[in-house]
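Here the structure comes first, spelled out in structure tokens, and everything after it is commentary.
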Amino acid sequence: MAKTGFIGMGNMGTALLLGALKTFPREDMIFCAKTQETKRRIYEQTGVEYTDTNAECANRCKYLVLAVKPQYYEEVLKGIRYMVTPEHVVISLAPGRTIEDLKLELGKDRRIVRAMPNTPAMIGEGMTGLCCNREEFSDLELNVLEKLFSACGRVEFIDEKLMDAVVCASGSSPAFAYLFIEALADGAVRCGMPRNQAYIFAAQAVKGAASMVLETGEHPGLLKDRVCSPAGTTIEGVAALEEYGLRNAVLKGAEAVLKKCREM
């Protein structure tokens, strides 16, 4: 029996499968996708076996990752309901679906993990929030979960009540970062820099700044202050960003994400 199964081979499902293959042998993997074309493409790319149905995929693994789009969730849950046992570890990537919701769908004694990765997992730079009722899982199972997602980047176990905040902080925020990088590049183009170079300079600056926060552990405000020389260029830029509401715009973006999570 395969150790880990994946239902759904969109961007996130594929990213997680590719990450898992860095840590686990392909013989321990199995997957199912919506179309035969996708199944053949992923098989040719990875050598991982696929199944004809979602139910078969669930039946042949212990750890089951549900990486399907929200609009297909009910259909998938209905199809695997009688294949999932208390021995399974079901990993849901769906925002807004609580552990209790999924237990109502699959069975009260089913063991559910919620995970919220983000798209940088596709290049091994993801951030994943994990939550579960830890007393339902062995130390070995928790270790497997951590290894599975750490193969795609960083992992943090958190309380379920914070999962919507994870969507705000890392799930949706790469799109905010891309907007910021694009705007920085536009500013450089306005100053005469060729656009291709502008994207490189802007993206590397954002990547480097993020690495400084993670690697030094210092407060972002302190790192910002170190760049702002008295009467210098940077403090003028910071003042303009504050005047035009950068901070408030980001807060409003997070608020909109949170609202949508709670409506789903």
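Every chain in the structure tokens takes a letter, A first, then B, and so on in the order presented; its residues are numbered from 1, and the ligands are numbered from 1 following the presented order.
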
List as a PDB file with N, CA, C and O atoms, in the first residue's frame the protein and nucleic acid residues near A:Ala205, meaning an atom at most 12 Å away when only C-alpha atoms are counted, but skip any in the same chain fewer than 6 places from it.
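What ended up in result.pdb:
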```pdb
ATOM      1  N   ALA A 177       2.565  40.460  -2.498  1.00  0.00           N
ATOM      2  CA  ALA A 177       3.992  40.697  -2.733  1.00  0.00           C
ATOM      3  C   ALA A 177       4.284  40.897  -4.216  1.00  0.00           C
ATOM      4  O   ALA A 177       5.103  41.744  -4.596  1.00  0.00           O
ATOM      5  N   PHE A 180       3.413  44.347  -5.136  1.00  0.00           N
ATOM      6  CA  PHE A 180       4.423  45.279  -4.650  1.00  0.00           C
ATOM      7  C   PHE A 180       5.664  45.251  -5.541  1.00  0.00           C
ATOM      8  O   PHE A 180       6.215  46.302  -5.903  1.00  0.00           O
ATOM      9  N   ILE A 181       6.093  44.049  -5.925  1.00  0.00           N
ATOM     10  CA  ILE A 181       7.255  43.921  -6.809  1.00  0.00           C
ATOM     11  C   ILE A 181       6.976  44.587  -8.154  1.00  0.00           C
ATOM     12  O   ILE A 181       7.829  45.299  -8.710  1.00  0.00           O
ATOM     13  N   LEU A 184       7.164  48.316  -7.632  1.00  0.00           N
ATOM     14  CA  LEU A 184       8.559  48.744  -7.519  1.00  0.00           C
ATOM     15  C   LEU A 184       9.230  48.787  -8.889  1.00  0.00           C
ATOM     16  O   LEU A 184       9.974  49.725  -9.208  1.00  0.00           O
ATOM     17  N   ALA A 185       8.970  47.755  -9.679  1.00  0.00           N
ATOM     18  CA  ALA A 185       9.558  47.700 -11.015  1.00  0.00           C
ATOM     19  C   ALA A 185       9.044  48.848 -11.880  1.00  0.00           C
ATOM     20  O   ALA A 185       9.810  49.459 -12.635  1.00  0.00           O
ATOM     21  N   ALA A 198      14.382  45.788 -14.199  1.00  0.00           N
ATOM     22  CA  ALA A 198      13.621  46.327 -13.072  1.00  0.00           C
ATOM     23  C   ALA A 198      12.986  45.211 -12.256  1.00  0.00           C
ATOM     24  O   ALA A 198      12.987  45.249 -11.013  1.00  0.00           O
ATOM     25  N   TYR A 199      12.430  44.186 -12.909  1.00  0.00           N
ATOM     26  CA  TYR A 199      11.833  43.062 -12.182  1.00  0.00           C
ATOM     27  C   TYR A 199      12.884  42.313 -11.367  1.00  0.00           C
ATOM     28  O   TYR A 199      12.633  41.899 -10.234  1.00  0.00           O
ATOM     29  N   SER A 211      14.511  37.552   3.677  1.00  0.00           N
ATOM     30  CA  SER A 211      15.541  36.691   4.273  1.00  0.00           C
ATOM     31  C   SER A 211      16.170  37.346   5.502  1.00  0.00           C
ATOM     32  O   SER A 211      16.503  36.657   6.483  1.00  0.00           O
ATOM     33  N   MET A 212      16.342  38.652   5.470  1.00  0.00           N
ATOM     34  CA  MET A 212      16.884  39.364   6.637  1.00  0.00           C
ATOM     35  C   MET A 212      15.969  39.193   7.848  1.00  0.00           C
ATOM     36  O   MET A 212      16.441  38.973   8.975  1.00  0.00           O
TER      37      MET A 212
END
```

Write out as a PDB file with N, CA, C and O atoms, in the first residue's frame which residues come within 12 Å of A:Lys39 when counting only C-alpha atoms, dropping same-chain ones fewer than 3 positions away.
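As written to disk, out.pdb reads:
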```pdb
ATOM      1  N   PHE A   6      -2.417  11.591  -3.103  1.00  0.00           N
ATOM      2  CA  PHE A   6      -2.791  12.963  -3.425  1.00  0.00           C
ATOM      3  C   PHE A   6      -4.000  12.931  -4.350  1.00  0.00           C
ATOM      4  O   PHE A   6      -3.955  12.288  -5.397  1.00  0.00           O
ATOM      5  N   ILE A   7      -5.045  13.631  -3.963  1.00  0.00           N
ATOM      6  CA  ILE A   7      -6.199  13.808  -4.840  1.00  0.00           C
ATOM      7  C   ILE A   7      -6.202  15.259  -5.295  1.00  0.00           C
ATOM      8  O   ILE A   7      -6.337  16.176  -4.483  1.00  0.00           O
ATOM      9  N   GLY A   8      -6.018  15.444  -6.598  1.00  0.00           N
ATOM     10  CA  GLY A   8      -5.913  16.795  -7.150  1.00  0.00           C
ATOM     11  C   GLY A   8      -4.484  17.099  -7.550  1.00  0.00           C
ATOM     12  O   GLY A   8      -3.582  17.040  -6.718  1.00  0.00           O
ATOM     13  N   MET A   9      -4.283  17.392  -8.822  1.00  0.00           N
ATOM     14  CA  MET A   9      -2.952  17.681  -9.332  1.00  0.00           C
ATOM     15  C   MET A   9      -2.917  19.036 -10.028  1.00  0.00           C
ATOM     16  O   MET A   9      -2.399  19.191 -11.132  1.00  0.00           O
ATOM     17  N   GLY A  10      -3.497  20.047  -9.358  1.00  0.00           N
ATOM     18  CA  GLY A  10      -3.305  21.418  -9.796  1.00  0.00           C
ATOM     19  C   GLY A  10      -1.940  21.897  -9.334  1.00  0.00           C
ATOM     20  O   GLY A  10      -1.058  21.093  -8.986  1.00  0.00           O
ATOM     21  N   THR A  14       0.526  19.318  -7.271  1.00  0.00           N
ATOM     22  CA  THR A  14       1.766  18.958  -7.961  1.00  0.00           C
ATOM     23  C   THR A  14       2.986  19.402  -7.171  1.00  0.00           C
ATOM     24  O   THR A  14       3.965  18.660  -7.038  1.00  0.00           O
ATOM     25  N   ILE A  30       1.145   7.860  -4.451  1.00  0.00           N
ATOM     26  CA  ILE A  30       0.112   7.547  -5.434  1.00  0.00           C
ATOM     27  C   ILE A  30      -0.736   8.795  -5.591  1.00  0.00           C
ATOM     28  O   ILE A  30      -0.800   9.623  -4.668  1.00  0.00           O
ATOM     29  N   PHE A  31      -1.386   8.946  -6.738  1.00  0.00           N
ATOM     30  CA  PHE A  31      -2.203  10.150  -6.913  1.00  0.00           C
ATOM     31  C   PHE A  31      -3.375   9.874  -7.839  1.00  0.00           C
ATOM     32  O   PHE A  31      -3.415   8.867  -8.573  1.00  0.00           O
ATOM     33  N   CYS A  32      -4.336  10.793  -7.810  1.00  0.00           N
ATOM     34  CA  CYS A  32      -5.437  10.787  -8.753  1.00  0.00           C
ATOM     35  C   CYS A  32      -5.698  12.224  -9.182  1.00  0.00           C
ATOM     36  O   CYS A  32      -5.582  13.148  -8.370  1.00  0.00           O
ATOM     37  N   ALA A  33      -6.021  12.402 -10.440  1.00  0.00           N
ATOM     38  CA  ALA A  33      -6.309  13.727 -10.989  1.00  0.00           C
ATOM     39  C   ALA A  33      -7.601  13.660 -11.788  1.00  0.00           C
ATOM     40  O   ALA A  33      -8.110  12.578 -12.094  1.00  0.00           O
ATOM     41  N   LYS A  34      -8.118  14.817 -12.138  1.00  0.00           N
ATOM     42  CA  LYS A  34      -9.440  14.887 -12.765  1.00  0.00           C
ATOM     43  C   LYS A  34      -9.462  14.327 -14.184  1.00  0.00           C
ATOM     44  O   LYS A  34     -10.423  13.692 -14.595  1.00  0.00           O
ATOM     45  N   THR A  35      -8.390  14.541 -14.946  1.00  0.00           N
ATOM     46  CA  THR A  35      -8.388  14.109 -16.345  1.00  0.00           C
ATOM     47  C   THR A  35      -7.262  13.121 -16.621  1.00  0.00           C
ATOM     48  O   THR A  35      -6.222  13.130 -15.948  1.00  0.00           O
ATOM     49  N   GLN A  36      -7.462  12.301 -17.636  1.00  0.00           N
ATOM     50  CA  GLN A  36      -6.436  11.348 -18.042  1.00  0.00           C
ATOM     51  C   GLN A  36      -5.196  12.063 -18.549  1.00  0.00           C
ATOM     52  O   GLN A  36      -4.067  11.603 -18.325  1.00  0.00           O
ATOM     53  N   ILE A  42       1.623  13.932 -15.246  1.00  0.00           N
ATOM     54  CA  ILE A  42       2.288  13.830 -13.942  1.00  0.00           C
ATOM     55  C   ILE A  42       3.058  12.520 -13.838  1.00  0.00           C
ATOM     56  O   ILE A  42       4.178  12.479 -13.292  1.00  0.00           O
ATOM     57  N   TYR A  43       2.511  11.437 -14.376  1.00  0.00           N
ATOM     58  CA  TYR A  43       3.220  10.159 -14.356  1.00  0.00           C
ATOM     59  C   TYR A  43       4.523  10.257 -15.144  1.00  0.00           C
ATOM     60  O   TYR A  43       5.578   9.783 -14.695  1.00  0.00           O
ATOM     61  N   GLU A  44       4.477  10.870 -16.326  1.00  0.00           N
ATOM     62  CA  GLU A  44       5.692  11.017 -17.137  1.00  0.00           C
ATOM     63  C   GLU A  44       6.718  11.906 -16.450  1.00  0.00           C
ATOM     64  O   GLU A  44       7.928  11.692 -16.582  1.00  0.00           O
ATOM     65  N   GLN A  45       6.239  12.891 -15.678  1.00  0.00           N
ATOM     66  CA  GLN A  45       7.131  13.819 -14.992  1.00  0.00           C
ATOM     67  C   GLN A  45       7.771  13.192 -13.760  1.00  0.00           C
ATOM     68  O   GLN A  45       8.938  13.477 -13.440  1.00  0.00           O
ATOM     69  N   THR A  46       7.013  12.321 -13.061  1.00  0.00           N
ATOM     70  CA  THR A  46       7.461  11.847 -11.738  1.00  0.00           C
ATOM     71  C   THR A  46       7.673  10.345 -11.637  1.00  0.00           C
ATOM     72  O   THR A  46       8.406   9.886 -10.755  1.00  0.00           O
ATOM     73  N   GLY A  47       7.023   9.576 -12.495  1.00  0.00           N
ATOM     74  CA  GLY A  47       7.075   8.127 -12.357  1.00  0.00           C
ATOM     75  C   GLY A  47       6.188   7.600 -11.259  1.00  0.00           C
ATOM     76  O   GLY A  47       6.228   6.401 -10.931  1.00  0.00           O
ATOM     77  N   VAL A  48       5.355   8.451 -10.662  1.00  0.00           N
ATOM     78  CA  VAL A  48       4.469   8.037  -9.576  1.00  0.00           C
ATOM     79  C   VAL A  48       3.200   7.428 -10.165  1.00  0.00           C
ATOM     80  O   VAL A  48       2.602   7.964 -11.104  1.00  0.00           O
ATOM     81  N   GLU A  49       2.775   6.301  -9.591  1.00  0.00           N
ATOM     82  CA  GLU A  49       1.581   5.599 -10.062  1.00  0.00           C
ATOM     83  C   GLU A  49       0.321   6.417  -9.793  1.00  0.00           C
ATOM     84  O   GLU A  49       0.231   7.115  -8.788  1.00  0.00           O
ATOM     85  N   TYR A  50      -0.653   6.303 -10.678  1.00  0.00           N
ATOM     86  CA  TYR A  50      -1.934   6.969 -10.454  1.00  0.00           C
ATOM     87  C   TYR A  50      -3.067   5.947 -10.463  1.00  0.00           C
ATOM     88  O   TYR A  50      -2.908   4.809 -10.896  1.00  0.00           O
ATOM     89  N   THR A  51      -4.222   6.369  -9.951  1.00  0.00           N
ATOM     90  CA  THR A  51      -5.392   5.501  -9.874  1.00  0.00           C
ATOM     91  C   THR A  51      -6.484   6.019 -10.798  1.00  0.00           C
ATOM     92  O   THR A  51      -6.477   7.181 -11.209  1.00  0.00           O
ATOM     93  N   ASP A  52      -7.450   5.151 -11.074  1.00  0.00           N
ATOM     94  CA  ASP A  52      -8.561   5.542 -11.939  1.00  0.00           C
ATOM     95  C   ASP A  52      -9.563   6.424 -11.204  1.00  0.00           C
ATOM     96  O   ASP A  52     -10.199   7.285 -11.814  1.00  0.00           O
ATOM     97  N   THR A  53      -9.716   6.210  -9.892  1.00  0.00           N
ATOM     98  CA  THR A  53     -10.721   6.953  -9.133  1.00  0.00           C
ATOM     99  C   THR A  53     -10.130   7.492  -7.837  1.00  0.00           C
ATOM    100  O   THR A  53      -9.136   6.967  -7.310  1.00  0.00           O
TER     101      THR A  53
END
```

> For the atom pair atom CA of A:Ala151 and atom CA of A:Ala121, what is the interatomic distance in Å to one decimal place?
Replying inline: 8.6 Å

Sorted by chain and rising residue number, which residues of stretch 96-203 of chain A lie within 12 Å of stretch 81-90 of chain A, and what are their closest atom pairs and distances in Å to one decimal, counting only C-alpha atoms, as CSV?
```
residue,atom,partner,partner_atom,distance
A:Ile99,CA,A:Val90,CA,10.1
A:Leu102,CA,A:Val90,CA,9.4
A:Lys103,CA,A:Val90,CA,10.1
A:Leu104,CA,A:Arg81,CA,10.5
A:Glu105,CA,A:Arg81,CA,7.4
A:Leu106,CA,A:Arg81,CA,5.3
A:Gly107,CA,A:Arg81,CA,8.0
A:Lys108,CA,A:Pro86,CA,9.1
A:Asp109,CA,A:Pro86,CA,5.9
A:Arg110,CA,A:Pro86,CA,4.8
A:Arg111,CA,A:Val89,CA,5.5
A:Ile112,CA,A:Val90,CA,4.9
A:Val113,CA,A:Val90,CA,6.0
A:Arg114,CA,A:Val90,CA,8.4
A:Ala115,CA,A:Val90,CA,10.2
A:Cys131,CA,A:Val90,CA,11.9
A:Cys132,CA,A:Val89,CA,10.3
A:Asn133,CA,A:Val89,CA,11.6
A:Arg134,CA,A:Val89,CA,11.8
A:Glu136,CA,A:Val89,CA,9.8
A:Phe137,CA,A:Val89,CA,8.5
A:Ser138,CA,A:Val89,CA,10.8
A:Leu140,CA,A:Val89,CA,11.9
A:Glu141,CA,A:Val89,CA,8.3
A:Leu142,CA,A:Val89,CA,10.0
A:Val144,CA,A:Val89,CA,10.5
A:Leu145,CA,A:Val89,CA,9.3
```

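Counting from atom CA of A:Tyr63, the distance to atom CA of A:Thr4 is 4.6 Å.
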
> In Å, with one decimal, what is the gap from atom CA of A:Val238 to atom CA of A:Arg226?
Replying inline: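 Computing it gives 12.5 Å between the two atoms.
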
> What residues in stretch 13-259 of chain A get the DSSP label strand (DSSP E or B)? Please answer as JSON, numbers by chain.
Replying inline: {"A": [29, 30, 31, 32, 49, 50, 63, 64, 65, 66, 89, 90, 91, 92, 111, 112, 113, 114, 115, 116, 126, 127, 128, 129, 130, 131, 132, 153, 154, 155, 156, 157]}

N, CA and C atoms of the current selection, written as a compact mmCIF listing (two decimals), in the first residue's frame:
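Saved as result_11.txt:
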```txt
# COMPACT_ATOMS: atom_id res chain seq x y z
N MET A 29 4.26 6.79 -3.03
CA MET A 29 3.33 7.82 -3.47
C MET A 29 2.30 7.25 -4.45
N ILE A 30 1.14 7.86 -4.45
CA ILE A 30 0.11 7.55 -5.43
C ILE A 30 -0.74 8.79 -5.59
N PHE A 31 -1.39 8.95 -6.74
CA PHE A 31 -2.20 10.15 -6.91
C PHE A 31 -3.37 9.87 -7.84
N CYS A 32 -4.34 10.79 -7.81
CA CYS A 32 -5.44 10.79 -8.75
C CYS A 32 -5.70 12.22 -9.18
N GLU A 49 2.78 6.30 -9.59
CA GLU A 49 1.58 5.60 -10.06
C GLU A 49 0.32 6.42 -9.79
N TYR A 50 -0.65 6.30 -10.68
CA TYR A 50 -1.93 6.97 -10.45
C TYR A 50 -3.07 5.95 -10.46
N TYR A 63 -1.79 8.32 4.39
CA TYR A 63 -1.87 9.78 4.43
C TYR A 63 -2.52 10.24 3.12
N LEU A 64 -3.62 10.96 3.23
CA LEU A 64 -4.38 11.35 2.05
C LEU A 64 -4.49 12.86 1.99
N VAL A 65 -3.88 13.47 0.97
CA VAL A 65 -3.88 14.91 0.79
C VAL A 65 -5.00 15.30 -0.19
N LEU A 66 -5.93 16.12 0.29
CA LEU A 66 -7.01 16.61 -0.56
C LEU A 66 -6.63 17.98 -1.10
N VAL A 89 -4.90 9.33 7.77
CA VAL A 89 -4.62 10.72 8.15
C VAL A 89 -5.03 11.56 6.95
N VAL A 90 -6.16 12.25 7.08
CA VAL A 90 -6.71 13.03 5.97
C VAL A 90 -6.24 14.48 6.10
N ILE A 91 -5.59 14.98 5.07
CA ILE A 91 -5.00 16.32 5.10
C ILE A 91 -5.77 17.20 4.13
N SER A 92 -6.47 18.18 4.66
CA SER A 92 -7.29 19.07 3.85
C SER A 92 -6.59 20.39 3.63
N ARG A 111 -9.59 11.07 11.35
CA ARG A 111 -8.52 11.96 11.84
C ARG A 111 -8.16 12.95 10.75
N ILE A 112 -8.35 14.22 11.07
CA ILE A 112 -8.24 15.28 10.07
C ILE A 112 -7.10 16.24 10.42
N VAL A 113 -6.35 16.61 9.42
CA VAL A 113 -5.33 17.66 9.53
C VAL A 113 -5.70 18.75 8.54
N ARG A 114 -5.64 19.99 8.98
CA ARG A 114 -5.80 21.11 8.06
C ARG A 114 -4.42 21.69 7.74
N ALA A 115 -4.20 21.96 6.47
CA ALA A 115 -2.92 22.52 6.04
C ALA A 115 -3.20 23.70 5.12
N MET A 116 -2.41 24.76 5.27
CA MET A 116 -2.53 25.91 4.38
C MET A 116 -1.14 26.26 3.86
N GLY A 126 7.92 27.52 0.18
CA GLY A 126 6.58 27.73 0.70
C GLY A 126 6.56 27.97 2.20
N MET A 127 5.39 28.38 2.67
CA MET A 127 5.11 28.50 4.10
C MET A 127 3.79 27.79 4.35
N THR A 128 3.80 26.82 5.27
CA THR A 128 2.61 26.03 5.54
C THR A 128 2.24 26.10 7.00
N GLY A 129 0.97 26.39 7.26
CA GLY A 129 0.41 26.27 8.61
C GLY A 129 -0.31 24.94 8.72
N LEU A 130 -0.05 24.19 9.78
CA LEU A 130 -0.70 22.90 10.03
C LEU A 130 -1.46 22.95 11.35
N CYS A 131 -2.64 22.36 11.38
CA CYS A 131 -3.33 22.22 12.66
C CYS A 131 -4.06 20.88 12.70
N CYS A 132 -4.16 20.34 13.90
CA CYS A 132 -4.86 19.07 14.11
C CYS A 132 -5.05 18.90 15.61
N GLY A 153 9.26 23.85 1.96
CA GLY A 153 9.54 25.13 2.61
C GLY A 153 9.46 25.02 4.11
N ARG A 154 8.94 26.06 4.75
CA ARG A 154 8.82 26.10 6.21
C ARG A 154 7.44 25.63 6.66
N VAL A 155 7.39 25.10 7.90
CA VAL A 155 6.15 24.57 8.47
C VAL A 155 6.02 25.05 9.91
N GLU A 156 4.80 25.41 10.29
CA GLU A 156 4.51 25.74 11.69
C GLU A 156 3.18 25.09 12.06
N PHE A 157 3.15 24.38 13.20
CA PHE A 157 1.89 23.90 13.76
C PHE A 157 1.26 25.06 14.54
```

> Looking only at the backbone, which of the residues in stretch 19-209 of chain A does DSSP tag as alpha helix (DSSP H), as a PyMOL selection string?
Replying inline: chain A and resi 19-20+36-46+54-59+73-80+99-106+139-150+163-166+173-190+195-209

>> Here is a test: counting only C-alpha atoms, which residue of A:Lys260, A:Arg247, A:Glu75, A:Ala15 is nearest to A:Thr119?
In response: A:Ala15

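Residues within 10 Å of A:Asp28, counting only C-alpha atoms and excluding same-chain residues fewer than 4 positions away, are Met1, Ala2, Lys3, Thr4, Gly5, Ala20, Leu21, Phe24, Val48, Glu49 and Cys61 of chain A.
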